[in-house]
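Everything below concerns the one structure shown next.
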Amino acid sequence: MSGLRLDGVTFTYPGAPAPALRDCDLAVEPGTLTWLRGEVGAGCSTLLLVAAGLAPRHTGGTLTGRVTRAGTLGYVGAEPRTQLSGVADTVFAEVAFAPQNLGWPADDIVRATWASLDRFGLVPLAGRHPEQLSGGEQQRLLLAALDVLAPDVWLLDEPTAALDAEWRERVEQWMRDEAGRGAAVLVADGRTGGQADGDAASGPPAREVMLEAGRVWQPHPAAASPRASSPRAAVPVRPSARPPVRLKLADASFRYAPDRPVLDALSLEVLAGEVLLVLGPNGAGKSTLLRLVTALAHPVSGSVTSAGRDTRGRGPEDLADVVGTAVQDPGVQLFERTVRRELAWGPRVLGWPRERAAARAEEVLARLGLEAAAESHPLDLPLPLRKRVALGTALMVTPQLLVLDEPTAGTDPATRDLVAQAIHEEASRGAAVICVTHDAWLREVVGGRELVLGRRES
């Protein structure tokens with residue numbers, strides 16, 4: 001029996017005018033690695049939900065056709081934070097949680113837990129609370145918490161989206177190793193090219209299948225879709241006078257606990273029209289830096305001045321008219337009933353007239369290709385579109401400082417192009433842009449200065 005098999009599968013979400021999957025046939029044999037590609041809305045995440053038995057059981061909707069799985073299942077969704085147990089108070093306990101619930105002998109639990117922690121570089125973080133980890137560390141934690149069970153079938157939705165380059169390569173090798181031990185591995189990944197080409201030399205054969213308009217097809221190797229690319233924008237001509245400072249850190253330090261320094265006496269300036277790309281491994285303090293910039297956190301010493309305002313004694317609401325922010329996980333940022341209302345909410349709270357906020361929302365909808373999703377609930381959208389909505393909320397006030405945390409992670413080429421274009425346009429009109437990213441393509445296309453933060457895991 002195949003590790004995973006879909007025969008004539010059609011699935012329609014509740015109230016949807018058309019199926020998300022149409023008559024899909026797909027077989028993933030034990031000992032093989034299959035890359036599932038597709039643009040936003042093609043149905044890749046939906047296919048994994050159906051294959052995992054989560055749709056329609058948890059989503060509702062209508063399913064026809066047959067799904068057959070052999071053996072145990074490991075499913076990783078596109079937002080790992082939502083899959084962590086929420087009851088474990090340490091990283092070690094999170095990985096041990098499933099074996100404990102299955103009644104494994106204590107010695108086996110301890111041995112297998114340490115092995116999975118080691119496999120994903122989490123041994124130094126074993127005593128840390130899962131909520132204190134970075135997005136990339138949480139992604140590795142979820143993989144470890146499932147890896148400890150050695151599933152027979154892996155369904156992985158963008159499993160490297162939040163990882164730095166080193167860990168992306170290591171997790172891709174781990175996926176090949178899992179196929180090598182006999183697991184059936186299916187990976188939805190919006191990136192095109194690259195991974196499948198290198199698999200043969202370091203693991204079992206890999207193949208690539210495509211989803212278009214809910215239908216599965218297998219491209220000829222020579223016909224793989226090239227990644228969309230944006231031309232590097234010309235650097236805007238600056239006047240001879242020095243542009244205003246949009247962000248200034250003066251000897252800013254931060255720690256989550258006395259023995260856990262994250263940032264140490266960091267000083268920098270970002271001027272109007274500049275792009276600063278913040279780089280570094282998972283856990284280096286990149287997202288923490290953005291928390292300081294947006295007044296979600298405050299330095300224990302030194303100062304942070306964002307868009308001309310010292311953040312001491314201020315919260316994010318005090319910067320909302322001049323600082324636009326899109327966080328790494330849009331699920332924690334979006335809450336309104338429709339995309340159109342989501343975009344207009346911030347300006348309306350700031351006191352904009354209804355007509356002005358509505359007109360600006362229409363401009364941003366068109367700019368980010370969201371017109372068709374305007375009346376959809378933001379959290380019902382696929383991750384790439386949720387990322388666009390979060391970016392849209394940041395653009396609504398025409399900010400002096402635009403703050404982006406992994407804006408292209410887990411997205412498709414079309415969304416990456418829109419993000420790159422937005423960065424160019426915002427810098428060209430005089431905003432400063434600070435962007436945390438692991439995306440080498442975005443670095444190449446956007447350019448700008450780079451700030452590299454070091455790893456701190458103690």
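Going through the structure tokens in order, the chains are called A, B, and so on, while each chain numbers its residues from 1 and the ligands are numbered from 1 in the order shown.
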Selection near Gly127 in chain A, 8 Å with only C-alpha atoms, sequence-local residues under 3 positions removed, as number ranges by chain | A: 90-92, 124
Write out as a Markdown table a residue-level contact list of range 301-343 of chain A versus range 370-375 of chain A with cut-off 6 Å: for each qualifying residue the closest pair of atoms and the distance in Å to one decimal, counting only C-alpha atoms, rows sorted by chain and residue number upward.
```
| residue | atom | partner | partner_atom | distance |
| --- | --- | --- | --- | --- |
| A:Thr338 | CA | A:Glu375 | CA | 5.0 |
| A:Val339 | CA | A:Ala374 | CA | 4.9 |
| A:Arg340 | CA | A:Ala374 | CA | 5.0 |
```
Tell me which of A:Leu36, A:Met175, A:Val275, A:Leu21 sits closest to Arg215 in chain A, counting only C-alpha atoms.
->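 Nearest candidate to Arg215 in chain A out of A:Leu36, A:Met175, A:Val275, A:Leu21: A:Leu21.
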If you run DSSP on this backbone, which residues of range 216-420 of chain A come out as helix (DSSP H, G or I), and could you give them as a VMD selection string?
-> chain A and resid 221 to 223 286 to 293 316 to 318 330 to 332 339 to 349 354 to 367 371 to 373 378 to 380 383 to 395 413 to 420
Neighbouring residues of range 13-17 of chain A were defined as those with any atom within 10 Å, considering only C-alpha atoms; residues of the same chain fewer than 4 positions away were excluded. Please report them as an mmCIF file with N, CA and C atoms, in the first residue's frame.
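Output saved as result20.cif:
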```cif
data_model
loop_
_atom_site.group_PDB
_atom_site.id
_atom_site.type_symbol
_atom_site.label_atom_id
_atom_site.label_comp_id
_atom_site.auth_asym_id
_atom_site.auth_seq_id
_atom_site.Cartn_x
_atom_site.Cartn_y
_atom_site.Cartn_z
ATOM 1 N N LEU A 21 -9.952 21.916 -4.502
ATOM 2 C CA LEU A 21 -9.271 20.803 -5.167
ATOM 3 C C LEU A 21 -10.247 20.174 -6.137
ATOM 4 N N THR A 46 -4.539 23.258 1.255
ATOM 5 C CA THR A 46 -5.786 22.490 1.326
ATOM 6 C C THR A 46 -5.530 21.019 1.065
ATOM 7 N N ALA A 55 -9.403 18.189 6.878
ATOM 8 C CA ALA A 55 -10.490 18.748 6.066
ATOM 9 C C ALA A 55 -11.232 17.567 5.440
ATOM 10 N N PRO A 56 -12.565 17.521 5.599
ATOM 11 C CA PRO A 56 -13.432 18.563 6.160
ATOM 12 C C PRO A 56 -13.706 18.439 7.659
ATOM 13 N N THR A 59 -12.508 21.823 9.122
ATOM 14 C CA THR A 59 -12.780 23.015 8.323
ATOM 15 C C THR A 59 -14.222 23.095 7.868
ATOM 16 N N GLY A 60 -14.937 21.942 7.898
ATOM 17 C CA GLY A 60 -16.218 21.877 7.219
ATOM 18 C C GLY A 60 -15.983 21.731 5.730
ATOM 19 N N GLY A 61 -17.073 21.702 4.966
ATOM 20 C CA GLY A 61 -16.944 21.559 3.523
ATOM 21 C C GLY A 61 -17.335 20.176 3.046
ATOM 22 N N THR A 62 -17.117 19.963 1.755
ATOM 23 C CA THR A 62 -17.537 18.725 1.104
ATOM 24 C C THR A 62 -16.351 18.061 0.444
ATOM 25 N N LEU A 63 -16.171 16.765 0.739
ATOM 26 C CA LEU A 63 -15.069 15.988 0.178
ATOM 27 C C LEU A 63 -15.620 14.787 -0.558
#
```
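Near range 317-328 of chain A, within 7 Å and counting only C-alpha atoms, sit Ala307, Arg314, Ala390, Leu391, Ala394, Leu395, Val397, Pro399, Gln400, Leu401, Leu402, Val403, Leu404, Asp405, Glu406 and Pro407 of chain A, not including residues fewer than 3 positions from it in the same chain.
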Selected residues written out with N, CA, C and O atoms, as an mmCIF file, in the first residue's frame:
```cif
data_model
loop_
_atom_site.group_PDB
_atom_site.id
_atom_site.type_symbol
_atom_site.label_atom_id
_atom_site.label_comp_id
_atom_site.auth_asym_id
_atom_site.auth_seq_id
_atom_site.Cartn_x
_atom_site.Cartn_y
_atom_site.Cartn_z
ATOM 1 N N ALA A 307 10.786 57.335 14.266
ATOM 2 C CA ALA A 307 10.083 58.421 13.572
ATOM 3 C C ALA A 307 10.065 59.682 14.430
ATOM 4 O O ALA A 307 9.046 60.370 14.532
ATOM 5 N N ARG A 314 6.201 55.175 25.997
ATOM 6 C CA ARG A 314 5.232 55.075 24.911
ATOM 7 C C ARG A 314 4.972 53.604 24.574
ATOM 8 O O ARG A 314 5.801 52.730 24.811
ATOM 9 N N ALA A 390 -1.440 41.974 6.091
ATOM 10 C CA ALA A 390 -0.649 42.562 7.173
ATOM 11 C C ALA A 390 0.221 43.699 6.643
ATOM 12 O O ALA A 390 0.336 44.765 7.269
ATOM 13 N N LEU A 391 0.833 43.495 5.472
ATOM 14 C CA LEU A 391 1.611 44.563 4.849
ATOM 15 C C LEU A 391 0.713 45.752 4.539
ATOM 16 O O LEU A 391 1.100 46.912 4.751
ATOM 17 N N ALA A 394 0.122 48.004 7.378
ATOM 18 C CA ALA A 394 1.296 48.830 7.664
ATOM 19 C C ALA A 394 1.418 50.007 6.704
ATOM 20 O O ALA A 394 1.954 51.059 7.063
ATOM 21 N N LEU A 395 0.923 49.842 5.488
ATOM 22 C CA LEU A 395 1.046 50.891 4.473
ATOM 23 C C LEU A 395 -0.054 51.943 4.574
ATOM 24 O O LEU A 395 0.079 53.031 3.999
ATOM 25 N N VAL A 397 -1.184 54.157 6.657
ATOM 26 C CA VAL A 397 -0.971 55.515 7.166
ATOM 27 C C VAL A 397 0.178 56.231 6.461
ATOM 28 O O VAL A 397 0.577 57.314 6.878
ATOM 29 N N PRO A 399 3.513 55.476 6.323
ATOM 30 C CA PRO A 399 4.363 55.681 7.503
ATOM 31 C C PRO A 399 5.707 56.320 7.171
ATOM 32 O O PRO A 399 6.227 56.206 6.062
ATOM 33 N N GLN A 400 6.267 56.984 8.169
ATOM 34 C CA GLN A 400 7.644 57.466 8.050
ATOM 35 C C GLN A 400 8.641 56.326 8.240
ATOM 36 O O GLN A 400 9.752 56.370 7.723
ATOM 37 N N LEU A 401 8.243 55.305 9.015
ATOM 38 C CA LEU A 401 9.092 54.144 9.287
ATOM 39 C C LEU A 401 8.261 52.890 9.054
ATOM 40 O O LEU A 401 7.214 52.713 9.689
ATOM 41 N N LEU A 402 8.699 52.055 8.138
ATOM 42 C CA LEU A 402 8.012 50.806 7.815
ATOM 43 C C LEU A 402 8.823 49.651 8.387
ATOM 44 O O LEU A 402 10.008 49.491 8.065
ATOM 45 N N VAL A 403 8.198 48.828 9.235
ATOM 46 C CA VAL A 403 8.873 47.757 9.962
ATOM 47 C C VAL A 403 8.275 46.429 9.535
ATOM 48 O O VAL A 403 7.081 46.183 9.741
ATOM 49 N N LEU A 404 9.094 45.559 8.955
ATOM 50 C CA LEU A 404 8.622 44.295 8.386
ATOM 51 C C LEU A 404 9.423 43.137 8.966
ATOM 52 O O LEU A 404 10.658 43.146 8.924
ATOM 53 N N ASP A 405 8.716 42.135 9.482
ATOM 54 C CA ASP A 405 9.366 40.952 10.054
ATOM 55 C C ASP A 405 9.071 39.758 9.151
ATOM 56 O O ASP A 405 7.941 39.268 9.098
ATOM 57 N N GLU A 406 10.070 39.292 8.425
ATOM 58 C CA GLU A 406 9.956 38.152 7.505
ATOM 59 C C GLU A 406 8.735 38.300 6.579
ATOM 60 O O GLU A 406 7.857 37.431 6.541
ATOM 61 N N PRO A 407 8.663 39.379 5.804
ATOM 62 C CA PRO A 407 7.449 39.618 5.002
ATOM 63 C C PRO A 407 7.251 38.639 3.860
ATOM 64 O O PRO A 407 6.139 38.548 3.326
#
```
Excluding same-chain residues fewer than 5 positions from range 129-134 of chain A, what lies within 8 Å of it counting only C-alpha atoms, as a PyMOL selection string?
-> chain A and resi 88-91+94+282-283+287
With C-alpha atoms retained, write the just-selected residues as a PDB file, in the first residue's frame.
```pdb
ATOM      1  CA  ALA A  88       4.379  22.425  28.095  1.00  0.00           C
ATOM      2  CA  ASP A  89       6.470  24.879  30.097  1.00  0.00           C
ATOM      3  CA  THR A  90       9.812  23.906  28.527  1.00  0.00           C
ATOM      4  CA  VAL A  91      11.107  22.931  25.114  1.00  0.00           C
ATOM      5  CA  GLU A  94       7.002  19.979  24.445  1.00  0.00           C
ATOM      6  CA  ASN A 282      17.243  32.133  14.413  1.00  0.00           C
ATOM      7  CA  GLY A 283      17.302  33.392  18.002  1.00  0.00           C
ATOM      8  CA  SER A 287      12.389  40.170  16.117  1.00  0.00           C
TER       9      SER A 287
END
```
How many Å lie between CA of Arg291 in chain A and CA of Arg312 in chain A, rounded to one decimal?
->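 Between CA of Arg291 in chain A and CA of Arg312 in chain A the gap works out to 12.9 Å.
Residues in contact with Gly41 in chain A at 9 Å, where only C-alpha atoms are counted and same-chain residues fewer than 3 positions away are skipped, are listed as Ala20, Gly38, Cys44, Ser45, Glu212, Ala213, Gly214, Leu381, Pro382, Pro384 and Leu385 of chain A.
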What does the file look like for those residues with N, CA and C atoms, as a PDB file, in the first residue's frame?
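out-v1.pdb was written with the following content:
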```
ATOM      1  N   ALA A  20     -11.785  23.897  -4.053  1.00  0.00           N
ATOM      2  CA  ALA A  20     -10.374  24.236  -3.867  1.00  0.00           C
ATOM      3  C   ALA A  20      -9.478  23.169  -4.478  1.00  0.00           C
ATOM      4  N   GLY A  38       2.952  25.466  -6.112  1.00  0.00           N
ATOM      5  CA  GLY A  38       1.763  26.118  -6.616  1.00  0.00           C
ATOM      6  C   GLY A  38       1.705  27.559  -6.164  1.00  0.00           C
ATOM      7  N   CYS A  44      -2.423  24.111  -2.320  1.00  0.00           N
ATOM      8  CA  CYS A  44      -1.401  23.262  -1.706  1.00  0.00           C
ATOM      9  C   CYS A  44      -1.705  22.988  -0.231  1.00  0.00           C
ATOM     10  N   SER A  45      -1.998  24.038   0.539  1.00  0.00           N
ATOM     11  CA  SER A  45      -2.305  23.835   1.960  1.00  0.00           C
ATOM     12  C   SER A  45      -3.578  23.015   2.126  1.00  0.00           C
ATOM     13  N   GLU A 212      -2.368  23.598  -9.935  1.00  0.00           N
ATOM     14  CA  GLU A 212      -2.877  24.787 -10.609  1.00  0.00           C
ATOM     15  C   GLU A 212      -4.389  24.699 -10.628  1.00  0.00           C
ATOM     16  N   ALA A 213      -5.035  25.745 -10.078  1.00  0.00           N
ATOM     17  CA  ALA A 213      -6.495  25.792 -10.023  1.00  0.00           C
ATOM     18  C   ALA A 213      -7.069  24.518  -9.410  1.00  0.00           C
ATOM     19  N   GLY A 214      -6.381  23.986  -8.381  1.00  0.00           N
ATOM     20  CA  GLY A 214      -6.882  22.821  -7.678  1.00  0.00           C
ATOM     21  C   GLY A 214      -6.616  21.495  -8.339  1.00  0.00           C
ATOM     22  N   LEU A 381      -7.975  33.409   4.643  1.00  0.00           N
ATOM     23  CA  LEU A 381      -7.133  33.471   3.455  1.00  0.00           C
ATOM     24  C   LEU A 381      -5.895  32.593   3.615  1.00  0.00           C
ATOM     25  N   PRO A 382      -5.315  32.120   2.506  1.00  0.00           N
ATOM     26  CA  PRO A 382      -4.032  31.413   2.592  1.00  0.00           C
ATOM     27  C   PRO A 382      -2.943  32.348   3.093  1.00  0.00           C
ATOM     28  N   PRO A 384       0.049  33.422   2.118  1.00  0.00           N
ATOM     29  CA  PRO A 384       0.584  34.530   1.321  1.00  0.00           C
ATOM     30  C   PRO A 384      -0.345  35.739   1.279  1.00  0.00           C
ATOM     31  N   LEU A 385      -1.653  35.506   1.186  1.00  0.00           N
ATOM     32  CA  LEU A 385      -2.586  36.628   1.171  1.00  0.00           C
ATOM     33  C   LEU A 385      -2.697  37.271   2.547  1.00  0.00           C
TER      34      LEU A 385
END
```
May I have the residues within 12 Å of Glu158 in chain A as a PyMOL selection string, using only C-alpha atoms and disregarding those fewer than 6 positions away in the same chain?
-> chain A and resi 35-38+44-45+48+75-80+136+139+143+168+171-172+186-191+383-384+408-412
Compare A:Leu156, A:Pro99, A:Glu178, A:Tyr256 by their minimum atom-to-atom distance to Arg128 in chain A, counting only C-alpha atoms, and give me the closest one.
->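 With only C-alpha atoms as the atom set, the closest residue is A:Tyr256.
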What separates CA of Gly273 in chain A and CA of Leu296 in chain A is a distance of 24.1 Å
Smallest atom-to-atom distance to Ala284 in chain A: which of A:Leu451, A:Ala93, A:Ala51, A:Val445, using only C-alpha atoms?
->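 Closest candidate: A:Leu451.
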Can you tell me how far CA of Phe254 in chain A sits from CA of Ala297 in chain A, in Å to one decimal?
->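 Straight-line distance from CA of Phe254 in chain A to CA of Ala297 in chain A works out to 8.8 Å.
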Run DSSP on the backbone and give me the residues of range 67-186 of chain A it puts in strand (DSSP E or B), as a tab-separated table (two decimals) with all heavy atoms, in the first residue's frame.
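File produced: selection.tsv:
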```
chain	number	residue	atom	x	y	z
A	67	VAL	N	-9.03	9.16	0.17
A	67	VAL	CA	-7.70	9.43	0.71
A	67	VAL	C	-7.25	8.20	1.50
A	67	VAL	O	-7.95	7.75	2.40
A	67	VAL	CB	-7.70	10.66	1.64
A	67	VAL	CG1	-6.30	10.89	2.22
A	67	VAL	CG2	-8.18	11.90	0.89
A	68	THR	N	-6.08	7.65	1.16
A	68	THR	CA	-5.57	6.46	1.81
A	68	THR	C	-4.20	6.75	2.39
A	68	THR	O	-3.31	7.24	1.68
A	68	THR	CB	-5.46	5.29	0.82
A	68	THR	OG1	-6.71	5.10	0.17
A	68	THR	CG2	-5.08	4.01	1.54
A	69	ARG	N	-4.01	6.49	3.68
A	69	ARG	CA	-2.71	6.65	4.33
A	69	ARG	C	-2.34	5.34	5.01
A	69	ARG	O	-3.21	4.64	5.54
A	69	ARG	CB	-2.76	7.74	5.40
A	69	ARG	CG	-2.92	9.14	4.89
A	69	ARG	CD	-2.84	10.15	6.05
A	69	ARG	NE	-3.81	9.84	7.10
A	69	ARG	CZ	-5.06	10.26	7.12
A	69	ARG	NH1	-5.51	11.00	6.10
A	69	ARG	NH2	-5.86	9.95	8.11
A	73	LEU	N	1.16	9.44	11.12
A	73	LEU	CA	1.18	10.68	10.35
A	73	LEU	C	1.83	11.79	11.15
A	73	LEU	O	1.56	11.96	12.35
A	73	LEU	CB	-0.25	11.08	10.00
A	73	LEU	CG	-0.47	12.45	9.35
A	73	LEU	CD1	0.12	12.47	7.96
A	73	LEU	CD2	-1.96	12.78	9.31
A	74	GLY	N	2.66	12.58	10.49
A	74	GLY	CA	3.19	13.82	11.05
A	74	GLY	C	2.80	14.98	10.15
A	74	GLY	O	3.19	15.03	8.99
A	75	TYR	N	2.00	15.90	10.70
A	75	TYR	CA	1.52	17.04	9.91
A	75	TYR	C	2.05	18.33	10.52
A	75	TYR	O	1.90	18.58	11.72
A	75	TYR	CB	-0.01	17.08	9.89
A	75	TYR	CG	-0.58	18.38	9.33
A	75	TYR	CD1	-0.61	18.61	7.96
A	75	TYR	CD2	-1.05	19.37	10.19
A	75	TYR	CE1	-1.11	19.80	7.46
A	75	TYR	CE2	-1.54	20.57	9.69
A	75	TYR	CZ	-1.57	20.78	8.32
A	75	TYR	OH	-2.05	21.96	7.82
A	76	VAL	N	2.65	19.18	9.69
A	76	VAL	CA	3.15	20.49	10.11
A	76	VAL	C	2.46	21.54	9.26
A	76	VAL	O	2.63	21.57	8.03
A	76	VAL	CB	4.68	20.59	9.95
A	76	VAL	CG1	5.16	22.01	10.20
A	76	VAL	CG2	5.38	19.62	10.90
A	153	VAL	N	4.33	8.82	7.48
A	153	VAL	CA	3.95	9.77	6.44
A	153	VAL	C	4.13	11.18	6.99
A	153	VAL	O	3.64	11.51	8.07
A	153	VAL	CB	2.47	9.59	6.02
A	153	VAL	CG1	2.08	10.63	4.97
A	153	VAL	CG2	2.24	8.18	5.48
A	154	TRP	N	4.88	12.00	6.23
A	154	TRP	CA	5.09	13.40	6.60
A	154	TRP	C	4.32	14.29	5.64
A	154	TRP	O	4.46	14.18	4.42
A	154	TRP	CB	6.56	13.77	6.54
A	154	TRP	CG	7.38	13.37	7.72
A	154	TRP	CD1	8.26	12.33	7.80
A	154	TRP	CD2	7.42	14.02	8.99
A	154	TRP	NE1	8.85	12.28	9.04
A	154	TRP	CE2	8.35	13.32	9.80
A	154	TRP	CE3	6.76	15.13	9.53
A	154	TRP	CZ2	8.63	13.69	11.11
A	154	TRP	CZ3	7.04	15.50	10.84
A	154	TRP	CH2	7.96	14.79	11.61
A	155	LEU	N	3.53	15.23	6.19
A	155	LEU	CA	2.85	16.27	5.42
A	155	LEU	C	3.34	17.61	5.97
A	155	LEU	O	3.00	17.99	7.10
A	155	LEU	CB	1.33	16.15	5.56
A	155	LEU	CG	0.74	14.80	5.14
A	155	LEU	CD1	-0.75	14.75	5.48
A	155	LEU	CD2	0.95	14.55	3.65
A	156	LEU	N	4.13	18.32	5.18
A	156	LEU	CA	4.85	19.49	5.67
A	156	LEU	C	4.48	20.71	4.83
A	156	LEU	O	4.73	20.74	3.62
A	156	LEU	CB	6.37	19.25	5.60
A	156	LEU	CG	6.88	18.00	6.33
A	156	LEU	CD1	8.34	17.75	5.98
A	156	LEU	CD2	6.70	18.16	7.83
A	157	ASP	N	3.90	21.72	5.47
A	157	ASP	CA	3.47	22.93	4.77
A	157	ASP	C	4.47	24.05	5.08
A	157	ASP	O	4.51	24.57	6.19
A	157	ASP	CB	2.07	23.33	5.24
A	157	ASP	CG	1.39	24.32	4.30
A	157	ASP	OD1	2.08	24.86	3.42
A	157	ASP	OD2	0.18	24.55	4.45
A	184	ALA	N	7.17	8.34	3.74
A	184	ALA	CA	6.64	9.06	2.58
A	184	ALA	C	6.56	10.52	2.96
A	184	ALA	O	5.89	10.88	3.94
A	184	ALA	CB	5.25	8.53	2.21
A	185	VAL	N	7.25	11.39	2.21
A	185	VAL	CA	7.38	12.80	2.59
A	185	VAL	C	6.79	13.67	1.49
A	185	VAL	O	7.23	13.62	0.34
A	185	VAL	CB	8.85	13.18	2.83
A	185	VAL	CG1	8.95	14.63	3.31
A	185	VAL	CG2	9.51	12.23	3.82
A	186	LEU	N	5.78	14.48	1.85
A	186	LEU	CA	5.15	15.42	0.93
A	186	LEU	C	5.32	16.81	1.50
A	186	LEU	O	4.89	17.09	2.63
A	186	LEU	CB	3.67	15.09	0.75
A	186	LEU	CG	2.86	16.03	-0.15
A	186	LEU	CD1	3.40	16.03	-1.58
A	186	LEU	CD2	1.39	15.65	-0.14
```
